[in-house]
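Next up, model00.pdb (PDB, C-alpha atoms):
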```
MODEL        1
ATOM      1  CA  CYS A   1       8.361 -12.527   4.937
ATOM      2  CA  TRP A   2      10.881 -15.220   5.757
ATOM      3  CA  PRO A   3      14.207 -13.379   6.443
ATOM      4  CA  SER A   4      12.515 -10.648   8.465
ATOM      5  CA  THR A   5      11.919 -12.675  11.632
ATOM      6  CA  ALA A   6      15.611 -13.155  12.364
ATOM      7  CA  ALA A   7      16.374  -9.603  11.232
ATOM      8  CA  ARG A   8      13.745  -8.180  13.607
ATOM      9  CA  THR A   9      15.188 -10.165  16.502
ATOM     10  CA  LEU A  10      18.744  -8.993  15.796
ATOM     11  CA  ALA A  11      17.634  -5.400  15.245
ATOM     12  CA  GLY A  12      15.747  -5.436  18.543
ATOM     13  CA  THR A  13      18.813  -6.732  20.360
ATOM     14  CA  LEU A  14      20.993  -4.120  18.643
ATOM     15  CA  VAL A  15      18.625  -1.275  19.542
ATOM     16  CA  ALA A  16      18.260  -2.435  23.141
ATOM     17  CA  ALA A  17      22.042  -2.586  23.559
ATOM     18  CA  TYR A  18      23.149   0.520  21.631
ATOM     19  CA  GLY A  19      20.093   2.653  20.883
ATOM     20  CA  LYS A  20      19.422   5.940  22.620
ATOM     21  CA  PRO A  21      16.372   5.749  24.903
ATOM     22  CA  LEU A  22      13.579   8.154  24.068
ATOM     23  CA  PRO A  23      12.672  10.653  26.810
ATOM     24  CA  ALA A  24       9.172   9.146  26.778
ATOM     25  CA  PRO A  25       8.210   5.891  25.048
ATOM     26  CA  ASP A  26       5.747   6.184  22.176
ATOM     27  CA  GLY A  27       3.758   2.950  22.191
ATOM     28  CA  GLY A  28       6.250   0.166  21.624
ATOM     29  CA  LEU A  29       8.922   2.601  20.450
ATOM     30  CA  THR A  30      11.396   3.114  23.297
ATOM     31  CA  HIS A  31      14.784   3.767  21.619
ATOM     32  CA  LEU A  32      16.270   5.418  18.557
ATOM     33  CA  PHE A  33      18.232   3.133  16.227
ATOM     34  CA  PRO A  34      21.956   3.391  17.017
ATOM     35  CA  ASP A  35      24.174   5.701  15.023
ATOM     36  CA  ALA A  36      26.343   3.961  12.415
ATOM     37  CA  GLY A  37      29.515   5.489  13.877
ATOM     38  CA  LEU A  38      28.690   4.055  17.302
ATOM     39  CA  LEU A  39      28.095   0.584  15.854
ATOM     40  CA  ALA A  40      31.345   0.751  13.859
ATOM     41  CA  GLY A  41      33.293   0.617  17.118
ATOM     42  CA  ALA A  42      30.956  -1.570  19.163
ATOM     43  CA  PRO A  43      31.862  -5.101  20.268
ATOM     44  CA  LEU A  44      28.392  -6.426  19.285
ATOM     45  CA  GLY A  45      28.838  -9.507  21.462
ATOM     46  CA  GLU A  46      25.190  -9.493  22.541
ATOM     47  CA  LEU A  47      24.128 -10.345  18.989
ATOM     48  CA  GLY A  48      25.185 -13.960  19.458
ATOM     49  CA  MET A  49      26.854 -14.229  16.064
ATOM     50  CA  PRO A  50      30.351 -15.265  15.025
ATOM     51  CA  GLU A  51      33.081 -12.642  15.138
ATOM     52  CA  SER A  52      33.355 -12.691  11.330
ATOM     53  CA  ARG A  53      29.740 -11.499  11.025
ATOM     54  CA  ARG A  54      30.191  -8.902  13.750
ATOM     55  CA  ALA A  55      33.297  -7.665  11.902
ATOM     56  CA  THR A  56      31.260  -7.378   8.711
ATOM     57  CA  LEU A  57      28.576  -5.405  10.547
ATOM     58  CA  ARG A  58      31.245  -3.081  11.936
ATOM     59  CA  THR A  59      32.752  -2.708   8.438
ATOM     60  CA  VAL A  60      29.386  -1.804   6.905
ATOM     61  CA  THR A  61      28.508   0.659   9.652
ATOM     62  CA  ALA A  62      31.953   2.280   9.378
ATOM     63  CA  ALA A  63      31.412   2.676   5.612
ATOM     64  CA  LEU A  64      27.989   4.204   6.261
ATOM     65  CA  ALA A  65      29.450   6.532   8.890
ATOM     66  CA  ASP A  66      32.303   7.745   6.679
ATOM     67  CA  GLY A  67      30.101   8.039   3.591
ATOM     68  CA  SER A  68      31.887   5.472   1.430
ATOM     69  CA  VAL A  69      28.563   3.619   1.254
ATOM     70  CA  THR A  70      25.354   5.598   0.878
ATOM     71  CA  LEU A  71      21.972   3.977   1.445
ATOM     72  CA  ASP A  72      20.002   7.214   1.712
ATOM     73  CA  PRO A  73      16.817   7.790  -0.284
ATOM     74  CA  GLY A  74      17.794   8.687  -3.826
ATOM     75  CA  ALA A  75      21.184   6.984  -3.624
ATOM     76  CA  ASP A  76      22.385   5.461  -6.881
ATOM     77  CA  ARG A  77      21.518   1.767  -6.528
ATOM     78  CA  ASP A  78      24.266   0.482  -8.803
ATOM     79  CA  GLU A  79      26.895   2.601  -7.057
ATOM     80  CA  ALA A  80      25.684   1.509  -3.620
ATOM     81  CA  GLU A  81      25.793  -2.151  -4.655
ATOM     82  CA  ARG A  82      29.350  -1.780  -6.005
ATOM     83  CA  ALA A  83      30.431  -0.062  -2.777
ATOM     84  CA  LEU A  84      28.844  -2.777  -0.664
ATOM     85  CA  LEU A  85      30.438  -5.581  -2.690
ATOM     86  CA  ALA A  86      33.840  -3.929  -2.186
ATOM     87  CA  LEU A  87      33.504  -4.424   1.580
ATOM     88  CA  ARG A  88      34.975  -7.505   3.234
ATOM     89  CA  GLY A  89      32.224  -9.934   4.192
ATOM     90  CA  ILE A  90      29.564  -8.587   1.815
ATOM     91  CA  GLY A  91      28.544 -10.853  -1.047
ATOM     92  CA  PRO A  92      25.918 -10.682  -3.776
ATOM     93  CA  TRP A  93      23.035 -11.927  -1.590
ATOM     94  CA  THR A  94      23.620  -9.287   1.100
ATOM     95  CA  ALA A  95      24.226  -6.487  -1.412
ATOM     96  CA  GLY A  96      21.060  -7.463  -3.295
ATOM     97  CA  TYR A  97      19.017  -7.695  -0.123
ATOM     98  CA  MET A  98      20.228  -4.259   1.006
ATOM     99  CA  ARG A  99      19.528  -2.877  -2.450
ATOM    100  CA  MET A 100      15.962  -4.163  -2.199
ATOM    101  CA  ARG A 101      15.277  -3.225   1.428
ATOM    102  CA  ALA A 102      17.300  -0.064   2.008
ATOM    103  CA  LEU A 103      17.082   1.416  -1.488
ATOM    104  CA  GLY A 104      13.612   0.203  -2.455
ATOM    105  CA  ASP A 105      14.738  -1.462  -5.683
ATOM    106  CA  PRO A 106      11.673  -3.221  -7.120
ATOM    107  CA  ASP A 107      13.734  -5.507  -9.367
ATOM    108  CA  VAL A 108      16.044  -7.525  -7.124
ATOM    109  CA  PHE A 109      16.046 -11.308  -7.380
ATOM    110  CA  LEU A 110      18.140 -13.592  -5.162
ATOM    111  CA  PRO A 111      18.311 -16.881  -7.091
ATOM    112  CA  GLY A 112      20.602 -18.640  -4.612
ATOM    113  CA  ASP A 113      18.370 -17.938  -1.614
ATOM    114  CA  VAL A 114      17.096 -21.123   0.058
ATOM    115  CA  GLY A 115      13.655 -19.615   0.656
ATOM    116  CA  VAL A 116      13.421 -18.540  -2.977
ATOM    117  CA  ARG A 117      14.312 -22.006  -4.214
ATOM    118  CA  HIS A 118      11.792 -23.570  -1.855
ATOM    119  CA  GLY A 119       9.155 -21.034  -2.903
ATOM    120  CA  LEU A 120       9.824 -21.792  -6.560
ATOM    121  CA  SER A 121       9.219 -25.475  -5.974
ATOM    122  CA  LEU A 122       6.043 -24.793  -3.975
ATOM    123  CA  THR A 123       4.580 -22.501  -6.627
ATOM    124  CA  GLY A 124       5.645 -24.520  -9.649
ATOM    125  CA  ALA A 125       7.742 -21.635 -10.960
ATOM    126  CA  SER A 126      11.349 -21.878 -12.102
ATOM    127  CA  LEU A 127      14.436 -19.679 -12.103
ATOM    128  CA  ALA A 128      13.866 -19.095 -15.808
ATOM    129  CA  ASP A 129      10.482 -17.527 -14.992
ATOM    130  CA  ALA A 130      12.206 -14.780 -13.006
ATOM    131  CA  GLU A 131      13.194 -12.963 -16.202
ATOM    132  CA  ASP A 132       9.496 -12.579 -17.065
ATOM    133  CA  TRP A 133       8.908 -10.883 -13.717
ATOM    134  CA  ARG A 134      11.084  -7.856 -14.574
ATOM    135  CA  PRO A 135      10.940  -5.054 -13.460
ATOM    136  CA  TRP A 136       9.092  -6.290 -10.364
ATOM    137  CA  ARG A 137      11.210  -9.241  -9.227
ATOM    138  CA  SER A 138      11.476  -7.943  -5.646
ATOM    139  CA  TYR A 139       7.732  -8.439  -5.324
ATOM    140  CA  ALA A 140       8.033 -11.949  -6.760
ATOM    141  CA  LEU A 141      10.801 -12.612  -4.234
ATOM    142  CA  HIS A 142       8.474 -11.680  -1.385
ATOM    143  CA  HIS A 143       5.732 -13.844  -2.876
ATOM    144  CA  LEU A 144       8.111 -16.816  -2.938
ATOM    145  CA  TRP A 145       9.213 -16.205   0.657
ATOM    146  CA  ASN A 146       5.570 -15.902   1.669
ATOM    147  CA  ALA A 147       4.784 -19.219  -0.040
ATOM    148  CA  THR A 148       7.526 -20.824   2.039
ATOM    149  CA  THR A 149       6.174 -19.264   5.246
ATOM    150  CA  GLU A 150       2.611 -20.359   4.457
ATOM    151  CA  SER A 151       3.836 -23.889   3.701
ATOM    152  CA  GLN A 152       5.605 -24.045   7.074
ATOM    153  CA  GLU A 153       2.532 -22.725   8.876
ATOM    154  CA  ASN A 154       0.263 -25.230   7.125
ATOM    155  CA  ALA A 155       2.610 -28.061   8.113
ATOM    156  CA  ARG A 156       2.049 -27.313  11.799
TER     157      ARG A 156
ENDMDL
END
```

What is this file in structure tokens?
Amino acid sequence: CWPSTAARTLAGTLVAAYGKPLPAPDGGLTHLFPDAGLLAGAPLGELGMPESRRATLRTVTAALADGSVTLDPGADRDEAERALLALRGIGPWTAGYMRMRALGDPDVFLPGDVGVRHGLSLTGASLADAEDWRPWRSYALHHLWNATTESQENAR
């Protein structure tokens, strides 16, 4: 879906720069994802993003490394969201997205997301409809992002 393309590119760059190479590649898998503690102190210049975003990434990885933020399976979603929102540079969209992706919350909705708003207009749905989608709003979110992606592909 829509945000994943940029995320995959950044993650690939991050892994190539800081990940530990596997002794033997396994298909396309060549490196382990970098340790949070390593990323907390990394310059991250190769990511091609402003220093404020790199600082936020370092802040989040430091919080993961020291345990002040837990995104492990079974982590309390509300507690994790509160801990994320307490970090400099993390707002509601990012905390919600991490809650959905890292913690598997099936009921996250990101009403301010550009792709969501575009998807709503393409599907004829409205923000008010999102309440009817509980407790599965994360799935609706992906549907809306997919509608946006399909619209862009059809425009080509």

Self-check item: Selection result of the PyMOL selection byres ((chain A and resi 69) around 7) on this file, as a ChimeraX atom specification
Solution: /A:63-64,67-68,70-71,80,83-84

Quiz prompt | Selected residue, from A:Thr13, A:Thr56, A:Ser138, A:Thr148, that lies nearest to Arg101 of chain A when counting all atoms listed in the file | solution =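 Under the stated criterion, the closest residue is A:Ser138.
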
Quiz prompt | Which residue of A:Asp72, A:Asp66, A:Glu150, A:Glu51 approaches Met98 of chain A most closely, using all atoms listed in the file | solution =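 The closest residue to Met98 of chain A is A:Asp72.
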
Quiz item: If you count all atoms listed in the file, which residues fall within 9 Å of Arg58 of chain A, apart from same-chain ones fewer than 6 positions away, as JSON, numbers by chain?
Solution: {"A": [36, 37, 39, 40, 41, 42, 43, 44]}

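The space separating atom CA of Ala16 of chain A from atom CA of Leu85 of chain A comes to 28.7 Å.
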